[in-house]
Amino acid sequence: MNRSIFLLGAFFLTIPGPVLGQETAREIVDRVDRLWRGGSSRGVIGMEIVTEHWTRSLEMEVWSLGNDYALVRVLRPRREAGTATLKADQEVWNYLPRVDRTIKLPASLMSSSWMGSHFTNDDLVKESRIIDDYDIEISFDGVRDGVDIWEFELTPKPEAPVVWGRIVEEIRKDDLMPVWVHYYDDLGDLARTVTFSEYRNMGGRLVPAVMVVTPTDKPDESTTLIYSELEFDIDIDEDFFSLQRLRQTGRE
């Protein structure tokens, strides 16, 4: 379930919650998984990064098309405005406006931090479809903290090409909105947690407008995404996600 941790174009779609017994755990999780696999979208996202030694805030404009294409342009702060990232299939390119240079990220840098956040460049390109790569079961069904939820436990199928050894996610029943997701490494240790909050209507859809990623080994650190604008089903195609557009976007 490495959905790029729902990053950059990971927009959500409201679907009426299913009733257990009418749909299996696999079908429910698949429906939720497909919420992040929409068509085209555009948004403005704030990113707040807190580390042991410094904090950083960015504002970005993001375009996406399905799972394979995303274009990100930094709007603020001014000193970094125009820095842009293009994801096209399994490749990632960066544009650096200060030197007017386009760089393709080599494999050796894919595990490096993206924009100083707790996301890696790999998070931008690696995707998996949960129902293909994981066995899924309901580990809790009931009321927790006053909310009727399902908790799902996902374990990778043998030889599935996934990063995580186990995933546990909590989903609200009434609207299929995510509450949190726990990611465990292949030793069974909790590696990071994603939490969702401030659900609101944006672009005609209900979305959790705030997402926080916290690494377990650095609990005082975090990366927070705050969605301020969202629109869906915009008129763009694969040609939009080109190196020419990357450079043009960065120079605007």
# chains A, B, ... in the order shown; residues from 1 in each chain; ligands from 1
$ select_by_dssp --residues "stretch 22-227 of chain A" --states "helix (DSSP H, G or I)" --output "list of chain:residue names"
A:Ala25, A:Arg26, A:Glu27, A:Ile28, A:Val29, A:Asp30, A:Arg31, A:Val32, A:Asp33, A:Arg34, A:Leu35, A:Trp36, A:Arg78, A:Arg79, A:Glu80, A:Ala107, A:Ser108, A:Leu109, A:Asn121, A:Asp122, A:Asp123, A:Leu124, A:Val125, A:Ile130, A:Ile131, A:Asp132, A:Asp133
$ select_by_dssp --residues "stretch 61-137 of chain A" --states "strand (DSSP E or B)" --output "MDAnalysis selection string"
chainID A and resid 61:65 69:76 84:88 91:96 101:104 113 120 134:137
$ write_last_selection --atoms "N, CA, C and O atoms" --output "short mmCIF file (atom, residue, chain, number, x, y, z; two decimals), in the first residue's frame"
data_model
loop_
_atom_site.label_atom_id
_atom_site.label_comp_id
_atom_site.auth_asym_id
_atom_site.auth_seq_id
_atom_site.Cartn_x
_atom_site.Cartn_y
_atom_site.Cartn_z
N GLU A 61 2.14 24.15 -5.90
CA GLU A 61 1.05 23.87 -6.81
C GLU A 61 1.32 22.51 -7.43
O GLU A 61 2.45 22.22 -7.85
N VAL A 62 0.29 21.67 -7.48
CA VAL A 62 0.47 20.28 -7.89
C VAL A 62 -0.56 19.92 -8.95
O VAL A 62 -1.74 20.23 -8.81
N TRP A 63 -0.09 19.26 -10.01
CA TRP A 63 -0.98 18.68 -11.02
C TRP A 63 -0.72 17.17 -11.05
O TRP A 63 0.41 16.72 -10.88
N SER A 64 -1.77 16.39 -11.27
CA SER A 64 -1.59 14.95 -11.35
C SER A 64 -2.51 14.35 -12.41
O SER A 64 -3.56 14.91 -12.74
N LEU A 65 -2.10 13.20 -12.92
CA LEU A 65 -2.89 12.44 -13.87
C LEU A 65 -2.73 10.97 -13.53
O LEU A 65 -1.65 10.38 -13.73
N TYR A 69 1.66 10.19 -13.35
CA TYR A 69 2.15 11.52 -13.70
C TYR A 69 1.83 12.53 -12.60
O TYR A 69 0.71 12.59 -12.10
N ALA A 70 2.84 13.33 -12.27
CA ALA A 70 2.65 14.43 -11.32
C ALA A 70 3.67 15.52 -11.61
O ALA A 70 4.81 15.24 -12.01
N LEU A 71 3.25 16.75 -11.42
CA LEU A 71 4.13 17.91 -11.60
C LEU A 71 3.93 18.82 -10.40
O LEU A 71 2.79 19.16 -10.06
N VAL A 72 5.04 19.19 -9.76
CA VAL A 72 4.98 20.00 -8.55
C VAL A 72 5.85 21.23 -8.74
O VAL A 72 7.01 21.13 -9.16
N ARG A 73 5.29 22.39 -8.42
CA ARG A 73 6.06 23.64 -8.49
C ARG A 73 6.00 24.33 -7.14
O ARG A 73 4.92 24.51 -6.56
N VAL A 74 7.16 24.74 -6.62
CA VAL A 74 7.21 25.47 -5.37
C VAL A 74 6.81 26.93 -5.63
O VAL A 74 7.35 27.59 -6.51
N LEU A 75 5.85 27.42 -4.86
CA LEU A 75 5.39 28.80 -4.95
C LEU A 75 6.07 29.70 -3.93
O LEU A 75 6.39 30.84 -4.21
N ARG A 76 6.26 29.16 -2.73
CA ARG A 76 6.88 29.91 -1.64
C ARG A 76 7.67 28.93 -0.79
O ARG A 76 7.32 27.76 -0.74
N ALA A 84 10.97 22.78 -9.23
CA ALA A 84 9.87 21.94 -9.70
C ALA A 84 10.33 20.48 -9.80
O ALA A 84 11.52 20.20 -10.02
N THR A 85 9.37 19.59 -9.66
CA THR A 85 9.61 18.15 -9.77
C THR A 85 8.60 17.55 -10.72
O THR A 85 7.41 17.85 -10.64
N LEU A 86 9.08 16.69 -11.59
CA LEU A 86 8.22 15.98 -12.54
C LEU A 86 8.35 14.49 -12.31
O LEU A 86 9.46 13.95 -12.28
N LYS A 87 7.22 13.83 -12.11
CA LYS A 87 7.18 12.37 -12.09
C LYS A 87 6.48 11.92 -13.36
O LYS A 87 5.35 12.32 -13.64
N ALA A 88 7.17 11.11 -14.15
CA ALA A 88 6.59 10.55 -15.36
C ALA A 88 6.90 9.07 -15.37
O ALA A 88 8.06 8.66 -15.56
N GLU A 91 10.20 7.62 -13.62
CA GLU A 91 11.31 8.56 -13.62
C GLU A 91 10.93 9.85 -12.88
O GLU A 91 9.77 10.27 -12.89
N VAL A 92 11.94 10.45 -12.25
CA VAL A 92 11.74 11.71 -11.54
C VAL A 92 12.79 12.71 -12.02
O VAL A 92 13.98 12.39 -12.09
N TRP A 93 12.33 13.90 -12.36
CA TRP A 93 13.20 14.99 -12.82
C TRP A 93 12.99 16.19 -11.92
O TRP A 93 11.87 16.48 -11.49
N ASN A 94 14.08 16.92 -11.65
CA ASN A 94 14.00 18.18 -10.91
C ASN A 94 14.46 19.33 -11.79
O ASN A 94 15.40 19.17 -12.59
N TYR A 95 13.80 20.48 -11.63
CA TYR A 95 14.24 21.70 -12.30
C TYR A 95 14.70 22.69 -11.24
O TYR A 95 13.98 22.97 -10.27
N LEU A 96 15.92 23.21 -11.40
CA LEU A 96 16.51 24.16 -10.46
C LEU A 96 16.59 25.52 -11.13
O LEU A 96 17.44 25.75 -12.00
N ARG A 101 18.61 24.59 -14.67
CA ARG A 101 19.10 23.25 -15.00
C ARG A 101 18.05 22.20 -14.67
O ARG A 101 17.38 22.27 -13.63
N THR A 102 17.91 21.21 -15.56
CA THR A 102 17.02 20.08 -15.36
C THR A 102 17.86 18.84 -15.07
O THR A 102 18.81 18.54 -15.80
N ILE A 103 17.52 18.12 -14.00
CA ILE A 103 18.31 16.98 -13.56
C ILE A 103 17.41 15.75 -13.43
O ILE A 103 16.36 15.82 -12.78
N LYS A 104 17.82 14.65 -14.03
CA LYS A 104 17.14 13.38 -13.82
C LYS A 104 17.75 12.70 -12.61
O LYS A 104 18.98 12.55 -12.52
N SER A 113 15.73 12.11 0.74
CA SER A 113 14.57 12.92 1.11
C SER A 113 14.13 13.81 -0.04
O SER A 113 14.97 14.39 -0.74
N THR A 120 10.46 10.25 0.52
CA THR A 120 11.63 10.04 -0.32
C THR A 120 11.23 10.18 -1.78
O THR A 120 10.05 10.19 -2.13
N TYR A 134 -1.54 -7.56 -1.30
CA TYR A 134 -1.74 -7.83 0.12
C TYR A 134 -2.94 -8.74 0.37
O TYR A 134 -3.95 -8.68 -0.35
N ASP A 135 -2.82 -9.57 1.40
CA ASP A 135 -3.97 -10.25 1.97
C ASP A 135 -4.58 -9.33 3.01
O ASP A 135 -3.85 -8.70 3.79
N ILE A 136 -5.91 -9.26 3.04
CA ILE A 136 -6.58 -8.26 3.85
C ILE A 136 -7.61 -8.92 4.75
O ILE A 136 -8.38 -9.79 4.32
N GLU A 137 -7.61 -8.50 6.02
CA GLU A 137 -8.64 -8.98 6.93
C GLU A 137 -9.05 -7.86 7.87
O GLU A 137 -8.30 -6.90 8.09
#
$ closest_atom_pairs --of "stretch 105-211 of chain A" --to "stretch 22-31 of chain A" --cutoff "12 Å" --atoms "only C-alpha atoms" --output "CSV"
residue,atom,partner,partner_atom,distance
A:Ser128,CA,A:Asp30,CA,11.6
A:Arg129,CA,A:Asp30,CA,8.2
A:Ile130,CA,A:Asp30,CA,6.9
A:Ile131,CA,A:Asp30,CA,6.2
A:Asp132,CA,A:Asp30,CA,9.6
A:Asp133,CA,A:Arg26,CA,11.4
A:Tyr134,CA,A:Arg26,CA,9.3
A:Asp135,CA,A:Arg26,CA,8.0
A:Ile136,CA,A:Arg26,CA,5.9
A:Glu137,CA,A:Ala25,CA,5.9
A:Ile138,CA,A:Ala25,CA,6.2
A:Ser139,CA,A:Ala25,CA,10.0
A:Phe140,CA,A:Ala25,CA,11.2
A:Asp141,CA,A:Ala25,CA,10.8
A:Trp150,CA,A:Ala25,CA,9.3
A:Glu151,CA,A:Ala25,CA,9.8
A:Phe152,CA,A:Ala25,CA,7.6
A:Glu153,CA,A:Ala25,CA,9.7
A:Leu154,CA,A:Val29,CA,9.6
A:Ile167,CA,A:Val29,CA,11.9
A:Val168,CA,A:Val29,CA,11.2
A:Glu169,CA,A:Val29,CA,9.4
A:Glu170,CA,A:Val29,CA,10.4
A:Ile171,CA,A:Val29,CA,9.1
A:Arg172,CA,A:Ile28,CA,11.3
A:Lys173,CA,A:Ile28,CA,9.9
A:Asp175,CA,A:Arg31,CA,11.5
A:Leu176,CA,A:Arg31,CA,8.7
A:Met177,CA,A:Arg31,CA,11.0
A:Pro178,CA,A:Val29,CA,10.7
$ residues_around --residues "A:Val212" --least-positions-apart "2" --cutoff "12 Å" --atoms "only C-alpha atoms" --output "VMD selection string"
chain A and resid 5 to 7 46 to 50 117 to 119 179 to 182 192 to 198 208 to 210 214 to 215 219 221 to 227
